[in-house]
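Before any comments, here is the structure.
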Amino acid sequence: MIAVAIVINSYSFIKEKKPIKFILVVLLASLFHKTAIIFLIAYFFRYIKINKRNFTIEIVLFLIMQIVGFYIIINLARQIYPYYIPENITFSTSGLTQAFVILFYLIVGLYLYYYKTSKNNKEIDIIYNIMFVAFFIQSFTNRLPMINRIMWYFYIFIIIFLPNIVGDIENKKIKNIAYWGIISLNLVQFLLSSIKMYNIIPYQFFIK
């Protein structure tokens with residue numbers, strides 16, 4: 001999480017087109033956890049626009065990687081972290097739940113961006129692509145749970161993705177619905193996933 005926090009601070013250098021500073025910040029993050037180095041690909045996302053053509057290419061690549069990419073990731077992961085990767089990979093559906101949550105936010109975000117906002121926010125292209133990578137990585141965690149650590153370098157940008165989109169909605173009624181909808185969905189996600197995941201039920205105070 002220290003590495004994730006440092007990676008977030010590299011985002012401003014993507015927007016400002018300062019690749020050297022961006023690389024230095026990501027390299028600093030990699031000193032805490034070397035998986036942070038993967039975030040270097042994010043600098044190129046500023047050049048990928050949200051449109052039907054690029055969206056179709058992303059979906060096609062996603063489907064191809066779902067078929068053959070898992071074996072590539074396994075072999076790569078075993079080279080970097082051999083002690084994290086078991087010999088026999090078992091299938092689980094737990095990672096798919098979070099992948100669908102990310103996908104849902106992406107779909108809602110795209111809908112609001114195209115039909116309800118002013119579409120003058122140039123940051124959305126960058127953040128959308130970062131979020132898509134989060135979904136892409138998370139979709140593999142049902143077979144390799146440890147890859148979830150890499151996903152967080154990208155998924156953390158949801159704290160920028162959603163406010164940027166909702167903030168650009170021109171209709172106040174729809175904006176309020178979006179605000180309360182996001183708050184409600186995050187609360188539901190927390191209650192269904194986070195509490196059980198980290199074993200904080202039943203909750204007890206340290207001081208009684």
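We name chains A, B, ... following the order of the structure tokens; residues begin at 1 in each chain, and ligands are numbered from 1 as shown.
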So that I can check the surroundings of Asn51 (chain A), please list as a PyMOL selection string every protein, DNA and RNA residue that reaches within 12 Å of it, counting only C-alpha atoms and ignoring chain neighbours fewer than 3 positions away. chain A and resi 48+54-58+110+113-114+124-125+128-129
Go ahead and save the picked residues with N, CA and C atoms, as a short mmCIF file (atom, residue, chain, number, x, y, z; two decimals), in the first residue's frame.
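Just written: part-v2.cif:
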```cif
data_model
loop_
_atom_site.label_atom_id
_atom_site.label_comp_id
_atom_site.auth_asym_id
_atom_site.auth_seq_id
_atom_site.Cartn_x
_atom_site.Cartn_y
_atom_site.Cartn_z
N ILE A 48 -4.24 7.21 -25.74
CA ILE A 48 -5.31 6.30 -26.17
C ILE A 48 -6.65 6.95 -25.83
N ASN A 54 -11.17 2.03 -30.36
CA ASN A 54 -10.24 1.62 -29.31
C ASN A 54 -10.91 0.73 -28.27
N PHE A 55 -12.19 1.01 -27.99
CA PHE A 55 -12.92 0.18 -27.04
C PHE A 55 -13.06 -1.25 -27.59
N THR A 56 -13.33 -1.37 -28.87
CA THR A 56 -13.46 -2.70 -29.50
C THR A 56 -12.13 -3.44 -29.45
N ILE A 57 -11.03 -2.73 -29.73
CA ILE A 57 -9.70 -3.35 -29.68
C ILE A 57 -9.40 -3.86 -28.27
N GLU A 58 -9.74 -3.06 -27.27
CA GLU A 58 -9.50 -3.47 -25.88
C GLU A 58 -10.28 -4.74 -25.53
N LEU A 110 -18.80 5.20 -18.40
CA LEU A 110 -18.87 5.48 -19.84
C LEU A 110 -20.23 6.04 -20.23
N TYR A 113 -20.47 9.56 -19.06
CA TYR A 113 -19.54 10.41 -19.81
C TYR A 113 -20.11 10.77 -21.19
N TYR A 114 -20.66 9.78 -21.88
CA TYR A 114 -21.11 10.00 -23.25
C TYR A 114 -22.47 10.69 -23.34
N ILE A 124 -10.41 12.03 -18.47
CA ILE A 124 -11.21 10.79 -18.48
C ILE A 124 -10.56 9.72 -19.34
N ASP A 125 -9.95 10.09 -20.45
CA ASP A 125 -9.29 9.10 -21.31
C ASP A 125 -8.20 8.36 -20.55
N TYR A 128 -9.84 6.31 -17.55
CA TYR A 128 -10.60 5.15 -18.04
C TYR A 128 -9.66 4.01 -18.39
N ASN A 129 -8.59 4.31 -19.10
CA ASN A 129 -7.64 3.27 -19.50
C ASN A 129 -6.96 2.63 -18.30
#
```
Can you tell me, as an MDAnalysis selection string, what residues are no more than 9 Å from Tyr47 (chain A) when counting only C-alpha atoms, ignoring any on the same chain fewer than 2 positions away? chainID A and resid 43:45 49 125:126
Test item: residues at most 10 Å from Phe157 (chain A), only C-alpha atoms, excluding those fewer than 5 positions along its chain, as a list in words: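 Close residues of Phe157 (chain A): Ile8, Tyr11, Ile127, Tyr128, Ile130, Met131, Ala134, Trp152 and Leu162 of chain A.
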Export, as a short mmCIF file (atom, residue, chain, number, x, y, z; two decimals), in the first residue's frame, the selected residues with all heavy atoms.
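Final output, selection_28.cif:
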```
data_model
loop_
_atom_site.label_atom_id
_atom_site.label_comp_id
_atom_site.auth_asym_id
_atom_site.auth_seq_id
_atom_site.Cartn_x
_atom_site.Cartn_y
_atom_site.Cartn_z
N ILE A 8 0.19 6.77 -6.90
CA ILE A 8 -0.86 7.78 -7.11
C ILE A 8 -0.25 9.14 -7.39
O ILE A 8 -0.74 9.90 -8.23
CB ILE A 8 -1.80 7.85 -5.89
CG1 ILE A 8 -2.57 6.55 -5.73
CG2 ILE A 8 -2.77 9.01 -6.03
CD1 ILE A 8 -3.41 6.50 -4.47
N TYR A 11 0.64 10.34 -10.98
CA TYR A 11 -0.41 10.63 -11.95
C TYR A 11 -0.32 12.05 -12.52
O TYR A 11 -0.55 12.28 -13.71
CB TYR A 11 -1.78 10.41 -11.30
CG TYR A 11 -2.94 10.80 -12.17
CD1 TYR A 11 -3.22 10.09 -13.34
CD2 TYR A 11 -3.75 11.89 -11.86
CE1 TYR A 11 -4.28 10.44 -14.16
CE2 TYR A 11 -4.82 12.25 -12.67
CZ TYR A 11 -5.07 11.53 -13.81
OH TYR A 11 -6.11 11.89 -14.63
N ILE A 127 -7.77 8.13 -17.18
CA ILE A 127 -8.28 7.39 -16.03
C ILE A 127 -9.07 6.16 -16.47
O ILE A 127 -8.99 5.10 -15.84
CB ILE A 127 -9.14 8.29 -15.13
CG1 ILE A 127 -8.38 9.55 -14.76
CG2 ILE A 127 -9.53 7.55 -13.86
CD1 ILE A 127 -9.22 10.59 -14.06
N TYR A 128 -9.84 6.31 -17.55
CA TYR A 128 -10.60 5.15 -18.04
C TYR A 128 -9.66 4.01 -18.39
O TYR A 128 -9.91 2.84 -18.03
CB TYR A 128 -11.44 5.52 -19.26
CG TYR A 128 -11.95 4.29 -19.97
CD1 TYR A 128 -13.05 3.59 -19.49
CD2 TYR A 128 -11.29 3.78 -21.09
CE1 TYR A 128 -13.50 2.44 -20.12
CE2 TYR A 128 -11.73 2.62 -21.71
CZ TYR A 128 -12.83 1.96 -21.22
OH TYR A 128 -13.26 0.80 -21.84
N ILE A 130 -6.66 3.42 -17.28
CA ILE A 130 -6.09 2.88 -16.05
C ILE A 130 -7.09 1.93 -15.39
O ILE A 130 -6.73 0.83 -14.95
CB ILE A 130 -5.71 4.02 -15.08
CG1 ILE A 130 -4.51 4.81 -15.63
CG2 ILE A 130 -5.38 3.46 -13.70
CD1 ILE A 130 -4.14 6.02 -14.81
N MET A 131 -8.35 2.34 -15.35
CA MET A 131 -9.39 1.50 -14.74
C MET A 131 -9.62 0.23 -15.54
O MET A 131 -9.90 -0.84 -14.97
CB MET A 131 -10.69 2.29 -14.63
CG MET A 131 -10.67 3.36 -13.56
SD MET A 131 -10.58 2.65 -11.90
CE MET A 131 -12.09 1.71 -11.88
N ALA A 134 -7.19 -2.27 -14.52
CA ALA A 134 -7.58 -2.85 -13.23
C ALA A 134 -8.56 -3.99 -13.44
O ALA A 134 -8.41 -5.07 -12.84
CB ALA A 134 -8.19 -1.77 -12.33
N TRP A 152 -4.20 -3.32 -7.64
CA TRP A 152 -4.45 -2.13 -6.82
C TRP A 152 -3.71 -0.90 -7.30
O TRP A 152 -4.12 0.23 -7.01
CB TRP A 152 -4.11 -2.43 -5.36
CG TRP A 152 -5.25 -3.12 -4.68
CD1 TRP A 152 -5.34 -4.44 -4.37
CD2 TRP A 152 -6.49 -2.52 -4.29
NE1 TRP A 152 -6.56 -4.71 -3.79
CE2 TRP A 152 -7.27 -3.55 -3.73
CE3 TRP A 152 -7.00 -1.23 -4.35
CZ2 TRP A 152 -8.56 -3.32 -3.24
CZ3 TRP A 152 -8.29 -1.00 -3.86
CH2 TRP A 152 -9.04 -2.03 -3.31
N LEU A 162 -14.52 8.30 -10.80
CA LEU A 162 -15.92 8.60 -10.56
C LEU A 162 -16.18 10.08 -10.27
O LEU A 162 -17.10 10.67 -10.85
CB LEU A 162 -16.46 7.71 -9.43
CG LEU A 162 -16.56 6.22 -9.75
CD1 LEU A 162 -17.06 5.44 -8.54
CD2 LEU A 162 -17.47 5.97 -10.95
#
```
Point-to-point distance in Å for CA of Ile177 (chain A) and CA of Leu106 (chain A):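 These atoms are spaced 17.1 Å apart.
The shortest atom-to-atom distance to Glu170 (chain A), with only C-alpha atoms taken into account, belongs to A:Leu112 out of A:Ile41, A:Lys52, A:Leu112, A:Asn148.
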Which residue gives the smallest distance to Phe154 (chain A) among A:Val108, A:Val60, A:Val7, A:Ala29, with only C-alpha atoms counted?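 The shortest atom-to-atom distance to Phe154 (chain A) comes from A:Val7.
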Between CA of Ala3 (chain A) and CA of Leu27 (chain A), what is the distance in Å, rounded to a tenth?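 Spanning CA of Ala3 (chain A) to CA of Leu27 (chain A) is a straight-line distance of 9.7 Å.
Nearest residue to Leu185 (chain A) among A:Val101, A:Gln138, A:Val26, A:Lys172 is A:Val101, counting only C-alpha atoms.
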